[in-house]
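Pasting query.pdb here (PDB, C-alpha atoms):
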```
ATOM      1  CA  MET U   9    -187.548 -82.843-122.666
ATOM      2  CA  LEU U  10    -183.965 -83.454-123.805
ATOM      3  CA  THR U  11    -182.620 -81.192-121.061
ATOM      4  CA  ILE U  12    -184.616 -82.982-118.369
ATOM      5  CA  LEU U  13    -183.437 -86.400-119.570
ATOM      6  CA  THR U  14    -179.838 -85.203-119.682
ATOM      7  CA  ILE U  15    -180.111 -84.017-116.077
ATOM      8  CA  ILE U  16    -181.620 -87.362-115.048
ATOM      9  CA  PHE U  17    -178.696 -89.258-116.548
ATOM     10  CA  PHE U  18    -176.269 -86.793-114.966
ATOM     11  CA  VAL U  19    -177.806 -87.515-111.552
ATOM     12  CA  LEU U  20    -177.585 -91.247-112.279
ATOM     13  CA  GLY U  21    -173.891 -90.725-112.963
ATOM     14  CA  LEU U  22    -173.456 -88.884-109.658
ATOM     15  CA  ILE U  23    -174.942 -91.861-107.816
ATOM     16  CA  ILE U  24    -172.744 -94.367-109.664
ATOM     17  CA  GLY U  25    -169.756 -92.089-109.101
ATOM     18  CA  SER U  26    -170.355 -92.291-105.354
ATOM     19  CA  PHE U  27    -170.053 -96.074-105.538
ATOM     20  CA  LEU U  28    -166.937 -95.813-107.720
ATOM     21  CA  ASN U  29    -165.303 -93.793-104.953
ATOM     22  CA  VAL U  30    -165.988 -96.657-102.563
ATOM     23  CA  VAL U  31    -164.314 -99.079-104.977
ATOM     24  CA  ILE U  32    -161.288 -96.802-105.431
ATOM     25  CA  PHE U  33    -160.754 -96.281-101.702
ATOM     26  CA  ARG U  34    -161.395 -99.883-100.622
ATOM     27  CA  LEU U  35    -159.834-101.837-103.489
ATOM     28  CA  ASN U  36    -156.943-104.014-102.269
ATOM     29  CA  THR U  37    -157.649-103.141 -98.634
ATOM     30  CA  SER U  38    -159.169-105.206 -95.840
ATOM     31  CA  ARG U  39    -162.481-103.365 -96.153
ATOM     32  CA  SER U  40    -165.339-104.806 -98.205
ATOM     33  CA  PHE U  41    -167.314-102.791-100.738
ATOM     34  CA  GLY U  42    -170.409-103.125 -98.550
ATOM     35  CA  GLY U  43    -171.089-101.743 -95.095
ATOM     36  CA  ARG U  44    -171.695 -98.226 -93.818
ATOM     37  CA  SER U  45    -169.630 -95.278 -95.003
ATOM     38  CA  LEU U  46    -167.657 -93.443 -92.342
ATOM     39  CA  CYS U  47    -165.127 -90.681 -91.834
ATOM     40  CA  LEU U  48    -161.618 -92.068 -92.299
ATOM     41  CA  SER U  49    -160.306 -89.829 -89.507
ATOM     42  CA  CYS U  50    -162.811 -90.054 -86.639
ATOM     43  CA  GLN U  51    -164.772 -93.150 -87.797
ATOM     44  CA  HIS U  52    -168.027 -91.171 -87.650
ATOM     45  CA  VAL U  53    -170.743 -93.184 -89.409
ATOM     46  CA  LEU U  54    -172.215 -90.948 -92.100
ATOM     47  CA  HIS U  55    -175.934 -90.180 -92.142
ATOM     48  CA  TRP U  56    -177.942 -90.327 -95.366
ATOM     49  CA  TYR U  57    -177.853 -86.547 -95.776
ATOM     50  CA  GLU U  58    -174.044 -86.669 -95.660
ATOM     51  CA  LEU U  59    -173.973 -89.144 -98.527
ATOM     52  CA  ILE U  60    -175.785 -87.183-101.241
ATOM     53  CA  PRO U  61    -173.329 -87.209-104.153
ATOM     54  CA  LEU U  62    -171.609 -83.867-104.799
ATOM     55  CA  PHE U  63    -174.154 -81.802-102.864
ATOM     56  CA  SER U  64    -173.205 -83.153 -99.418
ATOM     57  CA  PHE U  65    -169.565 -82.229-100.026
ATOM     58  CA  ILE U  66    -170.606 -78.682-100.911
ATOM     59  CA  ALA U  67    -173.051 -78.381 -97.992
ATOM     60  CA  LEU U  68    -170.425 -79.633 -95.503
ATOM     61  CA  GLY U  69    -167.826 -77.249 -96.854
ATOM     62  CA  GLY U  70    -165.586 -80.173 -97.715
ATOM     63  CA  ARG U  71    -165.126 -81.182 -94.067
ATOM     64  CA  CYS U  72    -166.393 -83.931 -91.748
ATOM     65  CA  SER U  73    -169.378 -82.726 -89.731
ATOM     66  CA  GLN U  74    -167.850 -84.143 -86.524
ATOM     67  CA  CYS U  75    -164.062 -83.794 -86.532
ATOM     68  CA  LYS U  76    -163.869 -81.107 -89.250
ATOM     69  CA  THR U  77    -161.149 -83.003 -91.097
ATOM     70  CA  LYS U  78    -160.954 -82.139 -94.782
ATOM     71  CA  ILE U  79    -162.753 -84.595 -97.037
ATOM     72  CA  SER U  80    -160.756 -85.764-100.032
ATOM     73  CA  ARG U  81    -161.580 -83.811-103.175
ATOM     74  CA  GLN U  82    -161.555 -87.099-104.982
ATOM     75  CA  TYR U  83    -165.152 -87.673-103.873
ATOM     76  CA  PRO U  84    -166.801 -84.741-105.683
ATOM     77  CA  ILE U  85    -164.413 -84.908-108.643
ATOM     78  CA  VAL U  86    -165.127 -88.591-109.380
ATOM     79  CA  GLU U  87    -168.857 -88.067-108.848
ATOM     80  CA  PHE U  88    -168.932 -85.038-111.150
ATOM     81  CA  LEU U  89    -166.870 -86.718-113.877
ATOM     82  CA  THR U  90    -169.100 -89.799-113.776
ATOM     83  CA  GLY U  91    -172.210 -87.627-113.969
ATOM     84  CA  LEU U  92    -170.714 -85.670-116.846
ATOM     85  CA  PHE U  93    -169.892 -88.796-118.796
ATOM     86  CA  PHE U  94    -173.262 -90.424-118.153
ATOM     87  CA  ALA U  95    -174.967 -87.292-119.481
ATOM     88  CA  ALA U  96    -172.649 -87.160-122.515
ATOM     89  CA  LEU U  97    -173.262 -90.857-123.157
ATOM     90  CA  PHE U  98    -177.008 -90.242-123.218
ATOM     91  CA  LEU U  99    -176.578 -87.376-125.681
ATOM     92  CA  LYS U 100    -174.444 -89.591-127.908
ATOM     93  CA  PHE U 101    -177.143 -92.269-128.062
ATOM     94  CA  GLN U 102    -180.205 -90.012-127.779
ATOM     95  CA  ASP U 103    -181.583 -91.029-131.174
ATOM     96  CA  LEU U 104    -181.453 -94.666-130.103
ATOM     97  CA  PHE U 105    -183.222 -93.729-126.868
ATOM     98  CA  PHE U 106    -186.256 -92.339-128.667
ATOM     99  CA  LEU U 107    -186.438 -95.081-131.305
ATOM    100  CA  TYR U 108    -185.327 -98.363-129.735
ATOM    101  CA  THR U 109    -185.592 -98.379-125.947
ATOM    102  CA  ILE U 110    -184.249-101.890-125.349
ATOM    103  CA  SER U 111    -181.325-101.415-127.713
ATOM    104  CA  PHE U 112    -180.512 -98.095-126.035
ATOM    105  CA  SER U 113    -180.686 -99.624-122.552
ATOM    106  CA  LEU U 114    -178.264-102.438-123.368
ATOM    107  CA  THR U 115    -175.878-100.217-125.323
ATOM    108  CA  TYR U 116    -175.914 -97.521-122.649
ATOM    109  CA  ALA U 117    -175.349-100.042-119.855
ATOM    110  CA  TYR U 118    -172.408-101.604-121.685
ATOM    111  CA  TYR U 119    -170.516 -98.381-122.333
ATOM    112  CA  ALA U 120    -171.432 -96.858-118.965
ATOM    113  CA  ALA U 121    -170.030 -99.934-117.201
ATOM    114  CA  ALA U 122    -166.880-100.001-119.345
ATOM    115  CA  PHE U 123    -166.083 -96.347-118.786
ATOM    116  CA  SER U 124    -166.904 -96.608-115.083
ATOM    117  CA  ILE U 125    -164.219 -99.286-114.794
ATOM    118  CA  LEU U 126    -161.843 -97.077-116.770
ATOM    119  CA  LEU U 127    -162.482 -94.179-114.405
ATOM    120  CA  VAL U 128    -161.704 -96.379-111.394
ATOM    121  CA  ILE U 129    -158.504 -97.559-113.099
ATOM    122  CA  SER U 130    -157.349 -94.029-113.944
ATOM    123  CA  VAL U 131    -157.968 -92.614-110.447
ATOM    124  CA  TYR U 132    -156.423 -95.663-108.766
ATOM    125  CA  ASP U 133    -153.354 -95.351-111.004
ATOM    126  CA  LEU U 134    -153.142 -91.647-110.188
ATOM    127  CA  LYS U 135    -153.206 -92.415-106.446
ATOM    128  CA  HIS U 136    -151.049 -95.540-106.306
ATOM    129  CA  LYS U 137    -149.136 -95.524-109.625
ATOM    130  CA  ILE U 138    -150.337 -99.012-110.468
ATOM    131  CA  ILE U 139    -153.165-100.479-112.538
ATOM    132  CA  PRO U 140    -154.892-103.336-110.666
ATOM    133  CA  ASP U 141    -154.642-106.557-112.652
ATOM    134  CA  GLU U 142    -158.112-107.635-111.543
ATOM    135  CA  LEU U 143    -159.709-104.545-113.075
ATOM    136  CA  SER U 144    -157.765-104.961-116.325
ATOM    137  CA  LEU U 145    -158.883-108.587-116.476
ATOM    138  CA  ILE U 146    -162.534-107.742-115.807
ATOM    139  CA  LEU U 147    -162.473-104.988-118.423
ATOM    140  CA  GLY U 148    -160.689-107.241-120.904
ATOM    141  CA  ILE U 149    -163.282-110.010-120.579
ATOM    142  CA  PHE U 150    -166.104-107.457-120.681
ATOM    143  CA  THR U 151    -164.885-105.712-123.847
ATOM    144  CA  PHE U 152    -164.031-109.002-125.570
ATOM    145  CA  ILE U 153    -167.596-110.202-125.062
ATOM    146  CA  GLY U 154    -168.755-106.791-126.296
ATOM    147  CA  LEU U 155    -167.100-107.493-129.647
ATOM    148  CA  PHE U 156    -169.912-109.938-130.380
ATOM    149  CA  PHE U 157    -172.758-107.579-129.490
ATOM    150  CA  PHE U 158    -171.815-103.929-129.958
ATOM    151  CA  GLY U 159    -170.647-103.291-133.479
ATOM    152  CA  ASN U 160    -170.124 -99.647-134.464
ATOM    153  CA  PHE U 161    -171.035 -98.391-130.951
ATOM    154  CA  GLY U 162    -174.534 -99.857-130.965
ATOM    155  CA  LEU U 163    -176.292-103.129-130.205
ATOM    156  CA  SER U 164    -175.541-105.180-133.291
ATOM    157  CA  PRO U 165    -174.887-108.905-132.638
ATOM    158  CA  HIS U 166    -172.360-110.191-135.148
ATOM    159  CA  ILE U 167    -169.252-112.289-135.620
ATOM    160  CA  PRO U 168    -166.234-109.977-135.207
ATOM    161  CA  SER U 169    -163.790-109.729-138.068
ATOM    162  CA  VAL U 170    -160.169-110.805-137.710
ATOM    163  CA  LEU U 171    -159.162-107.136-137.465
ATOM    164  CA  GLU U 172    -161.636-106.581-134.648
ATOM    165  CA  PHE U 173    -160.205-109.556-132.768
ATOM    166  CA  LEU U 174    -156.658-108.302-133.297
ATOM    167  CA  SER U 175    -157.421-104.651-132.473
ATOM    168  CA  GLY U 176    -156.695-105.119-128.790
ATOM    169  CA  ILE U 177    -153.394-106.886-129.411
ATOM    170  CA  LEU U 178    -152.310-104.351-132.037
ATOM    171  CA  ILE U 179    -152.989-101.437-129.694
ATOM    172  CA  ALA U 180    -151.234-103.149-126.787
ATOM    173  CA  ALA U 181    -148.158-104.223-128.773
ATOM    174  CA  PRO U 182    -146.309-100.840-128.735
ATOM    175  CA  PHE U 183    -146.883-100.484-124.985
ATOM    176  CA  ALA U 184    -145.565-103.985-124.375
ATOM    177  CA  LEU U 185    -142.531-103.195-126.565
ATOM    178  CA  PHE U 186    -141.808 -99.992-124.603
ATOM    179  CA  TRP U 187    -142.028-101.975-121.373
ATOM    180  CA  LEU U 188    -139.768-104.744-122.676
ATOM    181  CA  VAL U 189    -137.095-102.500-124.187
ATOM    182  CA  SER U 190    -136.909-100.165-121.193
ATOM    183  CA  SER U 191    -137.314-102.887-118.543
ATOM    184  CA  GLY U 192    -140.332-101.006-117.256
ATOM    185  CA  ARG U 193    -138.693 -97.555-117.034
ATOM    186  CA  TRP U 194    -140.649 -95.946-119.904
ATOM    187  CA  MET U 195    -143.952 -97.720-119.554
ATOM    188  CA  GLY U 196    -145.532-100.130-117.111
ATOM    189  CA  LEU U 197    -146.832-103.512-118.237
ATOM    190  CA  GLY U 198    -150.202-102.519-116.754
ATOM    191  CA  ASP U 199    -150.615 -99.942-119.535
ATOM    192  CA  ALA U 200    -150.194-102.686-122.141
ATOM    193  CA  LYS U 201    -152.806-104.850-120.403
ATOM    194  CA  LEU U 202    -155.197-101.890-120.321
ATOM    195  CA  ALA U 203    -154.572-101.085-123.980
ATOM    196  CA  ILE U 204    -155.916-104.503-125.020
ATOM    197  CA  SER U 205    -159.346-103.555-123.669
ATOM    198  CA  LEU U 206    -159.216-100.127-125.305
ATOM    199  CA  GLY U 207    -158.636-101.696-128.698
ATOM    200  CA  TRP U 208    -161.615-103.999-128.285
ATOM    201  CA  LEU U 209    -163.771-101.224-126.853
ATOM    202  CA  LEU U 210    -163.135 -98.611-129.557
ATOM    203  CA  GLY U 211    -162.022-100.535-132.598
ATOM    204  CA  LEU U 212    -158.611-100.058-134.201
ATOM    205  CA  SER U 213    -159.085 -96.640-135.844
ATOM    206  CA  ARG U 214    -160.646 -94.907-132.836
ATOM    207  CA  ALA U 215    -158.257 -96.625-130.431
ATOM    208  CA  ILE U 216    -155.219 -95.396-132.359
ATOM    209  CA  SER U 217    -156.670 -91.886-132.282
ATOM    210  CA  GLY U 218    -157.293 -92.153-128.553
ATOM    211  CA  VAL U 219    -153.766 -93.399-127.846
ATOM    212  CA  VAL U 220    -152.171 -90.642-129.933
ATOM    213  CA  ILE U 221    -154.252 -87.997-128.167
ATOM    214  CA  SER U 222    -153.283 -89.470-124.799
ATOM    215  CA  PHE U 223    -149.573 -89.168-125.688
ATOM    216  CA  TRP U 224    -150.082 -85.563-126.815
ATOM    217  CA  ILE U 225    -151.914 -84.641-123.630
ATOM    218  CA  GLY U 226    -149.444 -86.560-121.476
ATOM    219  CA  ALA U 227    -146.482 -84.829-123.118
ATOM    220  CA  ILE U 228    -147.981 -81.367-122.651
ATOM    221  CA  ILE U 229    -148.932 -81.946-119.010
ATOM    222  CA  GLY U 230    -145.600 -83.651-118.304
ATOM    223  CA  ILE U 231    -143.669 -80.656-119.631
ATOM    224  CA  LEU U 232    -145.819 -78.252-117.618
ATOM    225  CA  LEU U 233    -145.255 -80.288-114.441
ATOM    226  CA  ILE U 234    -141.492 -80.331-114.979
ATOM    227  CA  VAL U 235    -141.392 -76.584-115.610
ATOM    228  CA  PHE U 236    -143.783 -75.381-112.918
ATOM    229  CA  SER U 237    -143.710 -78.073-110.207
ATOM    230  CA  LYS U 238    -140.782 -78.580-107.842
ATOM    231  CA  ASN U 239    -141.948 -82.130-107.139
ATOM    232  CA  HIS U 240    -141.493 -83.302-110.719
ATOM    233  CA  GLY U 241    -138.374 -83.794-112.783
ATOM    234  CA  MET U 242    -137.271 -85.617-115.917
ATOM    235  CA  LYS U 243    -137.086 -88.910-113.983
ATOM    236  CA  SER U 244    -140.405 -88.504-112.162
ATOM    237  CA  GLU U 245    -142.867 -91.367-112.492
ATOM    238  CA  ILE U 246    -146.087 -90.113-114.070
ATOM    239  CA  PRO U 247    -149.124 -92.442-114.210
ATOM    240  CA  PHE U 248    -150.226 -92.861-117.813
ATOM    241  CA  ALA U 249    -153.607 -94.558-117.372
ATOM    242  CA  PRO U 250    -155.470 -91.243-116.776
ATOM    243  CA  TYR U 251    -154.207 -89.937-120.119
ATOM    244  CA  LEU U 252    -155.117 -93.172-121.872
ATOM    245  CA  VAL U 253    -158.619 -93.015-120.444
ATOM    246  CA  LEU U 254    -159.017 -89.345-121.364
ATOM    247  CA  GLY U 255    -157.898 -90.026-124.932
ATOM    248  CA  THR U 256    -160.291 -92.978-125.103
ATOM    249  CA  VAL U 257    -163.227 -90.875-123.894
ATOM    250  CA  LEU U 258    -162.500 -88.132-126.439
ATOM    251  CA  ALA U 259    -162.128 -90.614-129.310
ATOM    252  CA  PHE U 260    -165.363 -92.304-128.268
ATOM    253  CA  LEU U 261    -167.545 -89.242-127.746
ATOM    254  CA  PHE U 262    -166.345 -87.334-130.793
ATOM    255  CA  GLU U 263    -165.883 -90.274-133.164
ATOM    256  CA  LEU U 264    -162.236 -89.445-133.839
ATOM    257  CA  HIS U 265    -160.518 -91.110-136.767
ATOM    258  CA  LEU U 266    -157.294 -89.105-137.003
ATOM    259  CA  PHE U 267    -155.551 -91.559-139.303
ATOM    260  CA  TYR U 268    -158.450 -92.970-141.316
TER
END
```
Mind converting the file's structure to structure tokens?
Amino acid sequence: MLTILTIIFFVLGLIIGSFLNVVIFRLNTSRSFGGRSLCLSCQHVLHWYELIPLFSFIALGGRCSQCKTKISRQYPIVEFLTGLFFAALFLKFQDLFFLYTISFSLTYAYYAAAFSILLVISVYDLKHKIIPDELSLILGIFTFIGLFFFGNFGLSPHIPSVLEFLSGILIAAPFALFWLVSSGRWMGLGDAKLAISLGWLLGLSRAISGVVISFWIGAIIGILLIVFSKNHGMKSEIPFAPYLVLGTVLAFLFELHLFY
């Protein structure tokens, strides 16, 4: 039963991941988020069987069925990561699922939506080296409201403590300081804006753990890129949002309190 439910939520994640790809590709362009999907090279309008998340990419061999142009690997990667997280999110709250259906539904929807936005932010930052202000604002409002309803990672309406209110600002402060001192060379202001939401989403202890992990991972990958990639050097600009999001996901799923 648990395996079947996990697969169902994984498939749900694949479907949501397909929509997230649309948002990533069309955000800040002239195209709306509605309308038919088409090949970016030959403008071929995709049929329903070419739009099955993950499986269509595999069946088509990663190429357009008409012009044979390679399809961006972003599509299956985003879909798979979303499916993976949706399944992991179900496993995290599985006890709530079997005991309190309504509470599970609201809690699951909240965190699934928050991390979906984070995934869009991380991929967009990876592609364009910028974090869209509109997404940071939406996530900030969303997580601030969540302070009043999702205490301790579950549906628990309450009045947030002063520390909970300040968690976002405290997490964002070092990023803002790095940006200010370096005039934007060390860290973008977008990372500070994003960090506010992470503090409200995770709480201070988990958020600190997530940020520290993100710096560790970023440092390791940065060194590897400098050593093994000819396209990266000491002055190369490396998007940090993907590392922040990865650290946040790990702190969330595994309840990390490294300094508590």
Fill in: Residues in the PyMOL selection byres ((chain U and resi 98) around 9), expressed as a list in words
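Residues picked by the PyMOL selection byres ((chain U and resi 98) around 9): Leu13, Thr14, Phe17, Phe18, Phe93, Phe94, Ala95, Ala96, Leu97, Leu99, Lys100, Phe101, Gln102, Phe105 and Tyr116 of chain U.
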Item to complete: Write out as a ChimeraX atom specification the residues lying within 7 Å of range 252-255 of chain U, counting all atoms listed in the file and excluding same-chain residues fewer than 6 positions away.
Response: /U:126,130,218-219,221-222
Worksheet item: Leaving out Phe152 in chain U and any residue of its chain fewer than 5 positions from it, which residues lie within 12 Å of it when counting all atoms listed in the file, given as number ranges by chain?
Response: U: 118, 122, 144-147, 157-159, 167-168, 172-177, 204-211
Kindly save the residues from that selection, with C-alpha atoms included, as a CSV table (one decimal), in the frame of the given file.
```
chain,number,residue,atom,x,y,z
U,118,TYR,CA,-172.4,-101.6,-121.7
U,122,ALA,CA,-166.9,-100.0,-119.3
U,144,SER,CA,-157.8,-105.0,-116.3
U,145,LEU,CA,-158.9,-108.6,-116.5
U,146,ILE,CA,-162.5,-107.7,-115.8
U,147,LEU,CA,-162.5,-105.0,-118.4
U,157,PHE,CA,-172.8,-107.6,-129.5
U,158,PHE,CA,-171.8,-103.9,-130.0
U,159,GLY,CA,-170.6,-103.3,-133.5
U,167,ILE,CA,-169.3,-112.3,-135.6
U,168,PRO,CA,-166.2,-110.0,-135.2
U,172,GLU,CA,-161.6,-106.6,-134.6
U,173,PHE,CA,-160.2,-109.6,-132.8
U,174,LEU,CA,-156.7,-108.3,-133.3
U,175,SER,CA,-157.4,-104.7,-132.5
U,176,GLY,CA,-156.7,-105.1,-128.8
U,177,ILE,CA,-153.4,-106.9,-129.4
U,204,ILE,CA,-155.9,-104.5,-125.0
U,205,SER,CA,-159.3,-103.6,-123.7
U,206,LEU,CA,-159.2,-100.1,-125.3
U,207,GLY,CA,-158.6,-101.7,-128.7
U,208,TRP,CA,-161.6,-104.0,-128.3
U,209,LEU,CA,-163.8,-101.2,-126.9
U,210,LEU,CA,-163.1,-98.6,-129.6
U,211,GLY,CA,-162.0,-100.5,-132.6
```
Discussion item. Evaluated on this file, the PyMOL selection byres ((chain U and resi 46) around 12) picks out some residues - which ones are they, written as JSON, numbers by chain?
Written reply: {"U": [30, 33, 39, 42, 43, 44, 45, 47, 48, 49, 50, 51, 52, 53, 54, 55, 56, 58, 59, 72, 73, 74, 75, 79]}
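Computed from the coordinates, the CA of Gly148 in chain U to CA of Pro165 in chain U distance equals 18.5 Å.
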Worksheet item: In Å, with one decimal, what is the gap from CA of Ile23 in chain U to CA of Asn36 in chain U?
Response: 22.4 Å
Worksheet entry | One-decimal distance in Å that lies between CA of Tyr108 in chain U and CA of Glu87 in chain U |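 If I compute the distance from CA of Glu87 in chain U to CA of Tyr108 in chain U, I get 28.5 Å.
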Worksheet item: Of the candidates U:Leu258, U:Tyr132, U:Phe186, U:Leu114, which one gets nearest to Gly154 in chain U if we count all atoms listed in the file?
Response: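 Closest to Gly154 in chain U, using all atoms listed in the file: U:Leu114.
Distances to Leu212 in chain U were evaluated for U:Glu245, U:Trp187, U:Leu266, U:Gly162 using all atoms listed in the file, and the minimum falls at U:Leu266.
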Discussion item. Once the PyMOL selection byres ((chain U and resi 265) around 9) has been evaluated on this model, what residues remain selected, and can you format them as a ChimeraX atom specification?
Written reply: /U:213-218,259,263-264,266-268
Fill in: Among listed residues U:Leu35, U:Leu107, U:Val257, U:Ala203, nearest Glu142 in chain U (using all atoms listed in the file)
U:Leu35
